[in-house]
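Here the structure is laid out as structure tokens; the discussion comes afterwards.
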Amino acid sequence: MQFTKTIKALAVASAMVLATAAQAEWAPKGPLTIQIGFGAGGSTDTIGRIIAQTMKEQTGWNVIAENKPGGGGVAMFTGIANRPANGTVIGLGVSMPILINLVNRPEKLKFNLDSFDYLGTASRAQLALIARTDAPFDDVPGLVEHAKSNDAPISSDAKPQELAMRFVMAQAGVDFQFLATKGGAENTKLILGGQAIAGFEAGEHLPFLESGEIKMIASMNNTRHNYAPDTPTLQEQGFDIYVDPYFFFATTAGTPDDAKAALTAALAAALEADDVKSVVANTLKTPIINLGPEGTKAMLVDGVGNVATLFAK
Amino acid sequence: MANDRLTGAFFVLFGVILWFWIIPTQVDAVDYGWVKPRTVPLALAALLAFCGAALIFAPSSEILPETHNNHKNHWLRAALFAGLLVVGLALMKAFGFMLTAPPLAFALMWLAHERRPLWLLLGAVAVPAFIWLTVAQLLERPLP
Amino acid sequence: MPELSIMLAGFGDALTPINLFFVVCGVALGQFVGAVPGIGPVMAMAIAIPFTFGLDPLAGIGFLVGVNKGGLVGGAIPAVLLNTPGTPDAAATALDGYPLAKQGKPLKATKMALYSSVTGDTFSDIVLITISAPLAVLALRMGPVEVFGLMLLAFAVIAGLMGQSMLKGVIAIALGLLAAMVGTDPEHGTPRLFFDQYELYDGLPLPAVAIGMLAISELLRRLSETKPNVSAAIRLPKNQPKSDAAVSWAEFWACRYTILRGSVIGTILGALPGIGSTAAAFMSYASARSANKDPKSFGKGNLHGIAASESANSSVMGANMIPLLTLGIPGSVGAALIISAFMIHGIQPGPFLFENQGRLIYGLFGAMLIANFSNLMLGQFGLRFWVKVVSAPESFIFSSALLMCFVGVYLASGGLFGIGIMLAFAVLGYVMTSLGIPIVVFIIAFFLGPRLEISLSQTLSLLNGKPEKLLDYPIGLVLMVLAVITAVLLSRRRDKG
């Protein structure tokens, strides 16, 4: 633990040094725009805006946040992929919708993973499979057992989570029914109201976990969650599938190295600021996780393989 | 009456085009689930065609809003204004809001028979300036 | 129920000068922005959220609530004065508000809107403050089947309401639902009818469609009718008798049942997430019309029409806070924005909220009541101001309104693409109106479409191919039967003329 901490501290320190060094040489010509791939008011918007504000204060650049909703970031990244690579626009998106489109309709997209230079990640969404405390099971094998003799409606607000459970369904040879919903809050409502036996949540369920009305069945990510270290992942419970959405930053491929370094460093420094940390912690219930340029790219490349498994491609 | 028959015929045609051409090319076929992506669109296409057919055989006797029957040339003028707005949008794409808004507002007001210089000035200069001041400066949001 | 001391401390917090200042500012801003064509309360809140980062929680959330409540009042103003509602829930207000304004009584019409809006709002706030816990339990019991039944009932009531031709009403519904199909389908998450335009992946942008259809198409029509002899957008007769510029107590009191009915409808629909203020406004309007002795006078400037619509759409917001505070479930876009404001300040709506943050919540309740009062007071000045503004020449008003709609939709839908959609739907709206196909019905269907399809999908999934399971959902079944009865009754009445 101590070792990773030291590494992290070193990384941050070098990023800071890099930032000052690079900033001396490079600054965006005109304003730097952070394009947010979602509409105003959501969690991605909130994160994008606080980072833009912090970056502006730290670097002295004129940083503007702008909403470019559409296709969970696909519209925004299409624009970024097809503009001059001069380091004046950064995109903030979520990995899952991009990966799903890359896997399912690559011929229709005007970009691929090589269309971008990656700058880092802000954090990831911790997806949990939850159920009401009085449900007659505590883990996924228990849920499977329950589904053998009962209807088992599961509420899901996104296709990847549903597909992961369809993967479980196929492996265990049982039937779940899926209730498509418009968000985690609706899942919680259906679970509390008894209409769904289980469902997915990305943090809003924490107070219910605390109050004992809801229990957590599995982590849908590839690691356990920081607030529930005792709840195993789907993989640990014997089903080799996961859903791991990251909030990531990228700019147009071919951006000059000095610009790329300056942007990477400025982003890393902003993510270390206390304001940003607390806003991310409050909206996503997770700490900052910055994978850095290499790590971000690796995460997306691995993600393509996993999403292909999800969609059985 | 004749109008309604034409409207009806249009919706029959529209429903048919939807069913046989637009939906098959634009909506994925999925082979599981209760409400498939095509389920509701196909039902709506059928409903539109049915209502269109019914309108041909039983046109309504209602009186349309008076303006549209009495003043046929309003169609033309409305099309003119709509066209102007589309041109305005294209110009905004090329030159941005600040360069497009004043001439656009001026043209709109001129076509609406406004000739008094003071009002023209207010509409074409003061209003765009006010928008720029509040949106771009006060709220720090980008303008087109 | 927390201790009385906590409640009093909370209400006391709301009354500190700094909080009062932000609530009143929020209301003033909301009223102003809501009244500008093209920018509604939701837009105003989305813009205001980043400004609340730096405020303390009560001031920040009080400010947002103020913006929202002010926006509800402001939203009625363009609907009444110009017949250009920026949001569909104000479209019901325009049905009687605009005819009244055209008769030279714009102040009377807007004041009636203000009074019924504030009354409805206060009603639902009081319900929220006193009995939110049991109502939240009730909301949990309303599952997919019940919501689907309620949606059917809403469609039956609204379809019976509009136009003289049933066929054209159904065509409008089908077109509205078809427009709602654009984007990602709810059950499978596959994109459809989006013609490879990724901006359409999440569906047609709501503000662009609503403003295009309701506001721009009307502005096009009015512009096309301008004559060389320039006239004011609204003519105020000289030496107007006071009774035409004000709402007397007797007139208000005559609408008491209409307002009460509207408030109850709005509160019930508001407590159930996802149905929204548009359905509430139109259901209230429809029921007020059928309860009235003279239904033919509706649509010609009947005060009851304004009262029904405004009391219902304003009471939705207070009731939206019930599932929001108790369960953390937003009932509308506006409520979702308030949740994100809570979260930014590290406050998680849900089971422990009243215990952990009791003082803040009662502070918020206090702020809501203060906001209602400020709405009433500021509205008195605001209405006069806007009536004065629209007595400017038509050419000036219409061109300025068009510019504002351009900017508003650009901000709300994130690009010029949204403006293109807005213009396309403006033309469509113009053509539909000319053919006698009711655009308001289209808009309602468009707004309710996604929820209708998703609750249909959820219902079928729950039934899992066994229709007899419907008997497990008695409330849902009753609502569905009610919907059928309503549809039959309304179509019979129409046949009789």
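Following the order of the structure tokens, first chain is A, next is B, and so on, with residues numbered from 1 inside each chain and ligands from 1 in the order they appear.
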
Within 12 Å of chain A, which residues belong to chain B? Use only C-alpha atoms and report them as a VMD selection string. chain B and resid 28 32 to 36 136 139 to 144

Now that the selection is made, can you save its residues with N, CA, C and O atoms as a short mmCIF file (atom, residue, chain, number, x, y, z; two decimals), in the first residue's frame?
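Generated output (again_27.cif):
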data_model
loop_
_atom_site.label_atom_id
_atom_site.label_comp_id
_atom_site.auth_asym_id
_atom_site.auth_seq_id
_atom_site.Cartn_x
_atom_site.Cartn_y
_atom_site.Cartn_z
N ASP B 28 -33.64 -1.36 -36.07
CA ASP B 28 -33.06 -2.70 -35.99
C ASP B 28 -34.13 -3.74 -35.73
O ASP B 28 -35.08 -3.50 -34.98
N TYR B 32 -36.04 -10.89 -29.62
CA TYR B 32 -36.52 -11.29 -28.30
C TYR B 32 -37.12 -10.08 -27.60
O TYR B 32 -36.96 -8.95 -28.06
N GLY B 33 -37.79 -10.33 -26.50
CA GLY B 33 -38.34 -9.22 -25.72
C GLY B 33 -39.82 -9.01 -26.02
O GLY B 33 -40.37 -9.65 -26.92
N TRP B 34 -40.44 -8.14 -25.24
CA TRP B 34 -41.88 -7.91 -25.36
C TRP B 34 -42.18 -6.76 -26.30
O TRP B 34 -42.98 -6.90 -27.21
N VAL B 35 -41.58 -5.60 -26.04
CA VAL B 35 -41.78 -4.46 -26.93
C VAL B 35 -40.50 -4.30 -27.72
O VAL B 35 -39.52 -3.76 -27.23
N LYS B 36 -40.49 -4.83 -28.94
CA LYS B 36 -39.29 -4.76 -29.76
C LYS B 36 -39.16 -3.35 -30.34
O LYS B 36 -40.14 -2.62 -30.40
N ALA B 136 -23.34 35.65 -23.07
CA ALA B 136 -21.89 35.42 -23.21
C ALA B 136 -21.12 36.01 -22.05
O ALA B 136 -20.15 35.42 -21.57
N LEU B 139 -23.55 35.06 -18.09
CA LEU B 139 -23.70 33.65 -17.80
C LEU B 139 -22.51 32.83 -18.27
O LEU B 139 -22.41 31.65 -17.96
N GLU B 140 -21.62 33.44 -19.05
CA GLU B 140 -20.44 32.75 -19.56
C GLU B 140 -20.80 31.50 -20.33
O GLU B 140 -20.13 30.46 -20.22
N ARG B 141 -21.89 31.54 -21.09
CA ARG B 141 -22.26 30.43 -21.96
C ARG B 141 -21.94 30.82 -23.40
O ARG B 141 -22.11 31.98 -23.76
N PRO B 142 -21.51 29.86 -24.21
CA PRO B 142 -21.18 30.23 -25.59
C PRO B 142 -22.43 30.55 -26.40
O PRO B 142 -23.48 29.95 -26.19
N LEU B 143 -22.32 31.52 -27.30
CA LEU B 143 -23.41 31.81 -28.24
C LEU B 143 -23.11 31.03 -29.53
O LEU B 143 -21.98 30.64 -29.76
N PRO B 144 -24.12 30.83 -30.37
CA PRO B 144 -23.87 30.11 -31.63
C PRO B 144 -22.72 30.75 -32.42
O PRO B 144 -22.57 31.96 -32.39
#

Taking only C-alpha atoms into account, what are the residues of chain A at most 8 Å from chain C, put as a PyMOL selection string? chain A and resi 39-43+46+49+66-72+74-75+108+153+158-159+177-182+185-186+189-190+192-193+195+204+207-208+211+279+282-283

Taking only C-alpha atoms into account, what are the residues of chain B at most 8 Å from chain C, put as a PyMOL selection string? chain B and resi 3-4+7+22-23+26-28+33-37+40-41+44+47-48+51+54-55+60+62+64-65+68+74-75+77-78+81-82+85-86+89+93+101+105+108-109+112-114+119-120+122-123+127-128+131+139+141-144

Could you go through region 275-343 of chain C and tell me which residues DSSP, when run on the backbone, assigns to helix (DSSP H, G or I), listing them as a ChimeraX atom specification? /C:277-291,295-297,303-327,333-343

Determine which residues of region 13-196 of chain C DSSP labels as strand (DSSP E) from the backbone of this structure, then write them out as a count of residues only. 4

Mind giving me the straight-line distance from CA of Val23 (chain C) to CA of Leu206 (chain C) in Å, one decimal? 27.9 Å

Do you know which residues are at most 7 Å from region 90-101 of chain A counting only C-alpha atoms, after dropping those on the same chain fewer than 6 positions away, and could you put them as number ranges by chain? A: 33-37, 48, 72-74, 77, 245-251, 303-304, 307
